[in-house]
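Have a look at model_14.cif below; it lists mmCIF, C-alpha atoms.
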```
data_coords
loop_
_atom_site.label_atom_id
_atom_site.label_comp_id
_atom_site.auth_asym_id
_atom_site.auth_seq_id
_atom_site.Cartn_x
_atom_site.Cartn_y
_atom_site.Cartn_z
CA MET A 1030 164.01 136.60 -162.73
CA ASP A 1031 163.05 140.09 -161.53
CA ALA A 1032 162.22 140.79 -157.92
CA GLY A 1033 158.58 140.00 -157.31
CA ASP A 1034 158.27 137.65 -160.25
CA GLU A 1035 158.98 134.64 -158.04
CA ARG A 1036 155.36 134.45 -156.99
CA TRP A 1037 154.10 134.60 -160.54
CA VAL A 1038 153.86 131.72 -162.96
CA ARG A 1039 155.67 132.80 -166.10
CA THR A 1040 155.39 131.54 -169.64
CA MET A 1041 157.82 132.11 -172.47
CA LEU A 1042 156.50 133.48 -175.74
CA CYS A 1043 157.54 131.90 -178.99
CA PRO A 1044 160.47 134.09 -180.11
CA THR A 1045 159.31 133.82 -183.71
CA SER A 1046 156.14 135.77 -182.82
CA PRO A 1047 157.44 139.08 -181.40
CA HIS A 1048 154.34 141.08 -182.39
CA LEU A 1049 151.73 138.98 -180.62
CA ALA A 1050 148.96 141.17 -179.24
CA ILE A 1051 148.44 139.17 -176.01
CA LEU A 1052 149.68 135.63 -175.57
CA ALA A 1053 149.63 134.45 -171.97
CA LEU A 1054 148.07 135.38 -168.65
CA LEU A 1055 148.59 132.81 -165.90
CA SER A 1056 147.64 132.36 -162.27
CA VAL A 1057 148.97 129.94 -159.71
CA ALA A 1058 145.64 128.16 -159.89
CA GLY A 1059 146.51 126.90 -163.39
CA ALA A 1060 144.97 127.43 -166.80
CA VAL A 1061 141.26 126.91 -167.30
CA GLY A 1062 140.08 127.11 -170.88
CA PRO A 1063 136.82 126.53 -172.73
CA GLY A 1064 135.74 123.12 -173.91
CA GLU A 1065 136.23 124.13 -177.52
CA PRO A 1066 139.05 126.16 -179.08
CA CYS A 1067 138.49 129.83 -179.73
CA PRO A 1068 137.53 130.63 -183.34
CA SER A 1069 140.25 132.14 -185.49
CA GLU A 1070 140.62 133.84 -188.86
CA MET A 1071 143.27 135.78 -190.75
CA ASN A 1072 143.19 139.54 -190.36
CA LEU A 1073 143.69 140.57 -193.98
CA ILE A 1074 144.68 144.14 -193.14
CA LYS A 1075 147.40 143.26 -190.60
CA ASP A 1076 148.21 139.86 -192.13
CA ARG A 1077 148.04 138.14 -188.75
CA LEU A 1078 145.98 135.28 -187.37
CA ARG A 1079 143.26 136.67 -185.09
CA VAL A 1080 141.93 134.40 -182.34
CA ASN A 1081 138.69 135.51 -180.67
CA CYS A 1082 138.34 134.34 -177.06
CA SER A 1083 135.91 137.10 -176.07
CA GLY A 1084 132.95 136.37 -173.82
CA ARG A 1085 133.93 132.82 -172.86
CA GLY A 1086 134.04 133.23 -169.08
CA LEU A 1087 137.81 132.73 -168.96
CA SER A 1088 139.74 133.27 -165.73
CA VAL A 1089 143.04 132.89 -167.59
CA VAL A 1090 144.09 132.87 -171.21
CA PRO A 1091 143.97 129.34 -172.71
CA LEU A 1092 147.36 127.84 -173.45
CA ALA A 1093 146.28 125.81 -176.50
CA LEU A 1094 146.57 128.66 -178.99
CA PRO A 1095 147.81 128.36 -182.57
CA ARG A 1096 151.55 128.99 -182.73
CA ASN A 1097 151.07 131.70 -185.35
CA THR A 1098 148.55 133.69 -183.29
CA GLY A 1099 149.13 137.39 -183.92
CA ILE A 1100 146.04 139.00 -182.37
CA LEU A 1101 144.17 137.63 -179.37
CA LEU A 1102 140.82 139.12 -178.34
CA LEU A 1103 139.99 138.70 -174.62
CA SER A 1104 137.19 141.14 -173.84
CA THR A 1105 134.25 140.25 -171.55
CA ASN A 1106 136.00 137.57 -169.51
CA ARG A 1107 137.04 137.17 -165.85
CA LEU A 1108 140.78 137.44 -166.34
CA ALA A 1109 143.22 137.70 -163.45
CA SER A 1110 144.97 140.91 -162.41
CA GLU A 1111 148.60 140.01 -163.22
CA LEU A 1112 150.21 139.73 -166.65
CA VAL A 1113 153.86 138.66 -166.95
CA LEU A 1114 155.46 138.82 -170.40
CA SER A 1115 159.08 139.30 -169.30
CA HIS A 1116 162.09 137.72 -171.05
CA ASN A 1117 160.61 137.40 -174.51
CA ALA A 1118 161.19 138.90 -177.94
CA LEU A 1119 158.44 141.51 -177.90
CA GLY A 1120 159.41 144.43 -180.11
CA VAL A 1121 156.26 146.48 -179.48
CA LEU A 1122 153.88 146.94 -176.59
CA PRO A 1123 151.14 144.29 -176.68
CA THR A 1124 147.54 145.40 -177.17
CA LEU A 1125 146.00 145.61 -173.69
CA GLN A 1126 142.31 145.86 -174.53
CA GLY A 1127 139.98 143.61 -172.56
CA LEU A 1128 142.06 143.65 -169.36
CA PRO A 1129 140.33 146.35 -167.25
CA ALA A 1130 141.17 144.65 -163.92
CA LEU A 1131 144.92 144.41 -164.61
CA THR A 1132 146.97 145.73 -161.69
CA ARG A 1133 150.46 144.33 -162.41
CA LEU A 1134 152.16 144.25 -165.80
CA ALA A 1135 155.70 142.92 -166.31
CA LEU A 1136 157.32 143.52 -169.69
CA ALA A 1137 160.93 143.38 -168.53
CA HIS A 1138 163.81 142.24 -170.74
CA ASN A 1139 162.11 142.46 -174.12
CA ASN A 1140 163.01 144.54 -177.19
CA ILE A 1141 160.46 147.33 -176.81
CA SER A 1142 161.99 150.48 -178.29
CA GLY A 1143 159.12 152.96 -178.04
CA LEU A 1144 155.75 153.75 -176.50
CA LEU A 1145 152.86 155.71 -177.96
CA PRO A 1146 151.07 158.48 -176.04
CA GLY A 1147 148.40 156.96 -173.82
CA ALA A 1148 149.78 153.47 -174.36
CA PHE A 1149 148.29 152.20 -171.09
CA ARG A 1150 144.89 153.92 -171.10
CA ASP A 1151 143.08 150.57 -171.35
CA VAL A 1152 144.56 149.39 -168.03
CA GLY A 1153 143.72 152.30 -165.77
CA GLN A 1154 143.81 150.15 -162.61
CA LEU A 1155 147.48 149.34 -163.09
CA GLN A 1156 149.55 149.64 -159.90
CA GLU A 1157 152.88 148.12 -160.97
CA LEU A 1158 154.50 148.53 -164.39
CA ASN A 1159 157.86 146.92 -165.15
CA LEU A 1160 159.61 147.98 -168.37
CA ARG A 1161 163.11 147.17 -167.16
CA GLY A 1162 165.75 146.03 -169.63
CA ASN A 1163 164.14 147.09 -172.90
CA GLN A 1164 165.49 149.44 -175.59
CA LEU A 1165 163.68 152.66 -174.73
CA ARG A 1166 165.67 155.78 -175.64
CA THR A 1167 163.00 158.42 -175.11
CA LEU A 1168 159.35 158.56 -174.07
CA PRO A 1169 156.39 160.74 -175.07
CA GLU A 1170 155.14 163.03 -172.33
CA GLU A 1171 151.78 161.23 -172.29
CA ALA A 1172 153.23 157.70 -172.16
CA PHE A 1173 151.66 156.95 -168.77
CA GLU A 1174 148.57 159.10 -169.10
CA GLY A 1175 145.55 157.67 -167.28
CA LEU A 1176 147.51 155.62 -164.74
CA ALA A 1177 146.36 157.46 -161.61
CA MET A 1178 146.58 154.22 -159.57
CA LEU A 1179 150.20 153.46 -160.53
CA LYS A 1180 152.54 153.11 -157.54
CA ASP A 1181 155.67 151.41 -158.89
CA LEU A 1182 157.23 152.34 -162.26
CA ASP A 1183 160.40 150.55 -163.36
CA LEU A 1184 162.26 152.08 -166.33
CA SER A 1185 165.71 150.88 -165.28
CA ASP A 1186 168.32 149.36 -167.61
CA ASN A 1187 167.03 150.94 -170.79
CA ALA A 1188 168.88 153.46 -172.99
CA LEU A 1189 167.01 156.58 -171.88
CA GLU A 1190 168.99 159.74 -172.56
CA GLU A 1191 166.29 162.26 -171.65
CA LEU A 1192 162.80 162.39 -170.20
CA PRO A 1193 160.02 164.92 -170.87
CA GLN A 1194 159.09 167.38 -168.15
CA GLY A 1195 155.49 166.19 -167.77
CA LEU A 1196 156.14 162.44 -167.83
CA LEU A 1197 154.96 161.97 -164.22
CA ALA A 1198 151.99 164.35 -164.42
CA GLY A 1199 148.87 162.82 -162.90
CA LEU A 1200 150.80 159.96 -161.27
CA GLU A 1201 151.02 159.26 -157.54
CA LEU A 1202 154.07 157.01 -157.56
CA ASP A 1203 155.66 155.55 -154.46
CA THR A 1204 158.66 154.12 -156.31
CA LEU A 1205 160.42 155.32 -159.48
CA ARG A 1206 163.29 153.26 -160.92
CA LEU A 1207 165.59 154.98 -163.44
CA SER A 1208 168.88 153.18 -162.71
CA GLY A 1209 171.11 151.97 -165.52
CA ASN A 1210 170.12 154.53 -168.14
CA GLN A 1211 172.08 157.27 -169.95
CA LEU A 1212 170.41 160.13 -168.11
CA ARG A 1213 172.59 163.11 -167.16
CA THR A 1214 169.90 165.66 -166.36
CA LEU A 1215 166.21 165.71 -165.56
CA PRO A 1216 164.15 168.73 -166.63
CA SER A 1217 162.83 171.43 -164.36
CA GLY A 1218 159.52 170.36 -162.85
CA PHE A 1219 160.08 166.69 -163.61
CA PHE A 1220 159.15 165.67 -160.06
CA PRO A 1221 155.61 166.89 -159.26
CA GLU A 1222 155.56 169.57 -156.58
CA GLU A 1223 154.63 168.52 -153.05
CA HIS A 1224 154.78 164.82 -153.94
CA MET A 1225 157.08 162.63 -151.87
CA PHE A 1226 158.34 159.36 -153.28
CA ALA A 1227 159.09 156.46 -150.99
CA PHE A 1228 162.05 155.48 -153.21
CA ILE A 1229 163.85 156.94 -156.23
CA PHE A 1230 166.51 154.76 -157.90
CA LEU A 1231 169.13 156.64 -159.98
CA ALA A 1232 172.19 154.40 -159.55
CA GLY A 1233 174.16 153.24 -162.57
CA THR A 1234 173.70 156.40 -164.64
CA PRO A 1235 176.82 157.99 -166.23
CA GLY A 1236 177.85 160.24 -163.34
CA ALA A 1237 175.54 162.00 -160.92
CA VAL A 1238 172.18 162.87 -162.40
CA THR A 1239 171.52 166.58 -161.99
CA VAL A 1240 167.94 167.64 -161.32
CA ALA A 1241 166.68 171.14 -162.01
CA TRP A 1242 164.43 171.72 -159.00
CA PRO A 1243 162.06 174.73 -158.70
CA ILE A 1244 162.37 176.74 -155.50
CA CYS A 1245 158.92 177.34 -153.99
CA GLY A 1246 157.92 180.98 -154.15
CA ALA A 1247 160.86 181.97 -156.33
CA GLY A 1248 161.33 182.53 -160.01
CA SER A 1249 164.64 180.71 -160.22
CA LEU A 1250 165.93 177.15 -160.24
CA ARG A 1251 168.63 175.32 -158.41
CA THR A 1252 170.26 172.07 -159.46
CA GLU A 1253 170.57 169.13 -157.12
CA THR A 1254 172.28 165.77 -157.31
CA ALA A 1255 171.00 162.57 -155.78
CA SER A 1256 172.78 163.41 -152.52
CA THR A 1257 170.97 166.71 -152.13
CA LEU A 1258 167.67 165.08 -153.00
CA ARG A 1259 168.28 162.83 -150.02
CA SER A 1260 168.73 165.90 -147.82
CA ARG A 1261 165.23 167.01 -148.84
CA GLY A 1262 163.77 163.79 -147.46
CA GLN A 1263 163.65 161.74 -150.65
CA THR A 1264 165.03 158.21 -150.49
CA VAL A 1265 167.39 158.00 -153.47
CA TYR A 1266 169.60 155.08 -154.56
#
```
Rewritten as structure tokens:
Amino acid sequence: MDAGDERWVRTMLCPTSPHLAILALLSVAGAVGPGEPCPSEMNLIKDRLRVNCSGRGLSVVPLALPRNTGILLLSTNRLASELVLSHNALGVLPTLQGLPALTRLALAHNNISGLLPGAFRDVGQLQELNLRGNQLRTLPEEAFEGLAMLKDLDLSDNALEELPQGLLAGLELDTLRLSGNQLRTLPSGFFPEEHMFAFIFLAGTPGAVTVAWPICGAGSLRTETASTLRSRGQTVY
């Protein structure tokens, strides 16, 4: 179990349904569902069972869902702020519509291999995002666009070989976790100017990650390893 998950109630998704849009959102208070099951119908275009739980005053997602649920609609409810979908067989990012109050999202140890630009625009209040232990090799520059509230981003233990220069643009992160990837260099300007991170985790990469760092007021670059980042006041592991 990942650090921080101990205080969350976690459910396991059915491994035969890796493309479920949204399956479970739990709170320590327990599941409270409607008196009647949510209506469902087959989505003929996507060939998946769509269950509509919109506008039912839910505080959590009901557990009594059909096993073959492929799309779950949850808009206009009172859902909690934490969603834990770690340790499942998700191959794609779940649809996150209808969760505007979400602040913590855990998708660790799944099979997610890619993200679309703006993948998290629907959850703009997100503060913690855990994508540890997936199969990400590269990311679009706009992957985390719209997440101005994000403080903790965990991309560790993926297969990332490179990252785009503007990946962190618009973010005000306290903690960035990149350990256990295949990164050898980070592009010039990758770390936003004049932004100090509380922690940067780079351990477990193949050799020392070299960062091309712009020198203020100069037209040249210098490269720095994790050790020299520490000398500039950054906490690097």
Task: Test item: residues at most 6 Å from range 1137-1146 of chain A, all atoms listed in the file, excluding those fewer than 5 positions along its chain, as a count of residues only - done: 17
- request: Return the single residue from A:Pro1123, A:Gly1099, A:Gly1086, A:Gly1175 that is closest to Leu1073 in chain A, with distances computed using all atoms listed in the file.
  value: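 Ranking A:Pro1123, A:Gly1099, A:Gly1086, A:Gly1175 by distance to Leu1073 in chain A, first place goes to A:Gly1099.
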Please write the residues picked by the PyMOL selection byres ((chain A and resi 1133) around 8) on this file as a PDB file with C-alpha atoms, keeping the file's coordinate frame.
```
ATOM      1  CA  SER A1110     144.970 140.910-162.410  1.00  0.00           C
ATOM      2  CA  GLU A1111     148.600 140.010-163.220  1.00  0.00           C
ATOM      3  CA  LEU A1112     150.210 139.730-166.650  1.00  0.00           C
ATOM      4  CA  LEU A1131     144.920 144.410-164.610  1.00  0.00           C
ATOM      5  CA  THR A1132     146.970 145.730-161.690  1.00  0.00           C
ATOM      6  CA  LEU A1134     152.160 144.250-165.800  1.00  0.00           C
ATOM      7  CA  ALA A1135     155.700 142.920-166.310  1.00  0.00           C
ATOM      8  CA  LEU A1155     147.480 149.340-163.090  1.00  0.00           C
ATOM      9  CA  GLN A1156     149.550 149.640-159.900  1.00  0.00           C
ATOM     10  CA  GLU A1157     152.880 148.120-160.970  1.00  0.00           C
ATOM     11  CA  LEU A1158     154.500 148.530-164.390  1.00  0.00           C
TER      12      LEU A1158
END
```
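CA of Leu1215 in chain A lies 11.0 Å from CA of Leu1231 in chain A.
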- Query: What residues come out when you apply the PyMOL selection byres ((chain A and resi 1193-1210) around 10) to this file, written as a PyMOL selection string?
  - Reply: chain A and resi 1156-1157+1159-1162+1165-1192+1211-1213+1215-1221+1224-1235+1264-1266
Starting from the PyMOL selection byres ((chain A and resi 1095) around 10), expand the selection into actual residues of this file and give them as a PDB file with C-alpha atoms, in the coordinates of the input.
```pdb
ATOM      1  CA  PRO A1066     139.050 126.160-179.080  1.00  0.00           C
ATOM      2  CA  CYS A1067     138.490 129.830-179.730  1.00  0.00           C
ATOM      3  CA  SER A1069     140.250 132.140-185.490  1.00  0.00           C
ATOM      4  CA  LEU A1078     145.980 135.280-187.370  1.00  0.00           C
ATOM      5  CA  ARG A1079     143.260 136.670-185.090  1.00  0.00           C
ATOM      6  CA  VAL A1080     141.930 134.400-182.340  1.00  0.00           C
ATOM      7  CA  LEU A1092     147.360 127.840-173.450  1.00  0.00           C
ATOM      8  CA  ALA A1093     146.280 125.810-176.500  1.00  0.00           C
ATOM      9  CA  LEU A1094     146.570 128.660-178.990  1.00  0.00           C
ATOM     10  CA  ARG A1096     151.550 128.990-182.730  1.00  0.00           C
ATOM     11  CA  ASN A1097     151.070 131.700-185.350  1.00  0.00           C
ATOM     12  CA  THR A1098     148.550 133.690-183.290  1.00  0.00           C
ATOM     13  CA  GLY A1099     149.130 137.390-183.920  1.00  0.00           C
TER      14      GLY A1099
END
```
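Atom pair CA of Arg1085 in chain A / CA of Leu1122 in chain A: separated by 24.7 Å.
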One decimal, Å: what's the distance from CA of Phe1149 in chain A over to CA of Leu1101 in chain A, could you say?
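According to the coordinates, CA of Phe1149 in chain A and CA of Leu1101 in chain A are separated by 17.3 Å.
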N, CA and C atoms restored at range 1201-1221 of chain A, emitted as a compact mmCIF listing (two decimals), keeping the file's coordinate frame:
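The file below, result_11.txt, is the result:
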```
# COMPACT_ATOMS: atom_id res chain seq x y z
N GLU A 1201 150.78 159.20 -158.99
CA GLU A 1201 151.02 159.26 -157.54
C GLU A 1201 151.96 158.12 -157.16
N LEU A 1202 153.12 158.12 -157.74
CA LEU A 1202 154.07 157.01 -157.56
C LEU A 1202 154.65 156.98 -156.15
N ASP A 1203 154.86 155.76 -155.65
CA ASP A 1203 155.66 155.55 -154.46
C ASP A 1203 157.11 155.29 -154.83
N THR A 1204 157.32 154.54 -155.92
CA THR A 1204 158.66 154.12 -156.31
C THR A 1204 158.90 154.39 -157.79
N LEU A 1205 160.01 155.05 -158.10
CA LEU A 1205 160.42 155.32 -159.48
C LEU A 1205 161.82 154.77 -159.66
N ARG A 1206 162.00 153.91 -160.67
CA ARG A 1206 163.29 153.26 -160.92
C ARG A 1206 163.84 153.72 -162.27
N LEU A 1207 164.95 154.45 -162.22
CA LEU A 1207 165.59 154.98 -163.44
C LEU A 1207 167.04 154.53 -163.55
N SER A 1208 167.48 153.60 -162.72
CA SER A 1208 168.88 153.18 -162.71
C SER A 1208 169.28 152.56 -164.04
N GLY A 1209 170.57 152.66 -164.36
CA GLY A 1209 171.11 151.97 -165.52
C GLY A 1209 170.71 152.55 -166.85
N ASN A 1210 170.41 153.85 -166.89
CA ASN A 1210 170.12 154.53 -168.14
C ASN A 1210 171.27 155.49 -168.49
N GLN A 1211 171.07 156.31 -169.52
CA GLN A 1211 172.08 157.27 -169.95
C GLN A 1211 171.71 158.69 -169.56
N LEU A 1212 170.89 158.83 -168.54
CA LEU A 1212 170.41 160.13 -168.11
C LEU A 1212 171.53 160.93 -167.44
N ARG A 1213 171.66 162.20 -167.82
CA ARG A 1213 172.59 163.11 -167.16
C ARG A 1213 171.85 164.24 -166.47
N THR A 1214 170.71 164.62 -166.99
CA THR A 1214 169.90 165.66 -166.36
C THR A 1214 168.44 165.26 -166.42
N LEU A 1215 167.67 165.81 -165.53
CA LEU A 1215 166.21 165.71 -165.56
C LEU A 1215 165.66 167.13 -165.63
N PRO A 1216 164.60 167.36 -166.40
CA PRO A 1216 164.15 168.73 -166.63
C PRO A 1216 163.52 169.37 -165.41
N SER A 1217 163.50 170.68 -165.41
CA SER A 1217 162.83 171.43 -164.36
C SER A 1217 161.37 171.00 -164.26
N GLY A 1218 160.91 170.77 -163.04
CA GLY A 1218 159.52 170.36 -162.85
C GLY A 1218 159.25 168.90 -163.12
N PHE A 1219 160.29 168.11 -163.31
CA PHE A 1219 160.08 166.69 -163.61
C PHE A 1219 159.38 165.98 -162.45
N PHE A 1220 159.82 166.25 -161.22
CA PHE A 1220 159.15 165.67 -160.06
C PHE A 1220 157.99 166.58 -159.65
N PRO A 1221 156.77 166.05 -159.61
CA PRO A 1221 155.61 166.89 -159.26
C PRO A 1221 155.81 167.57 -157.90
```
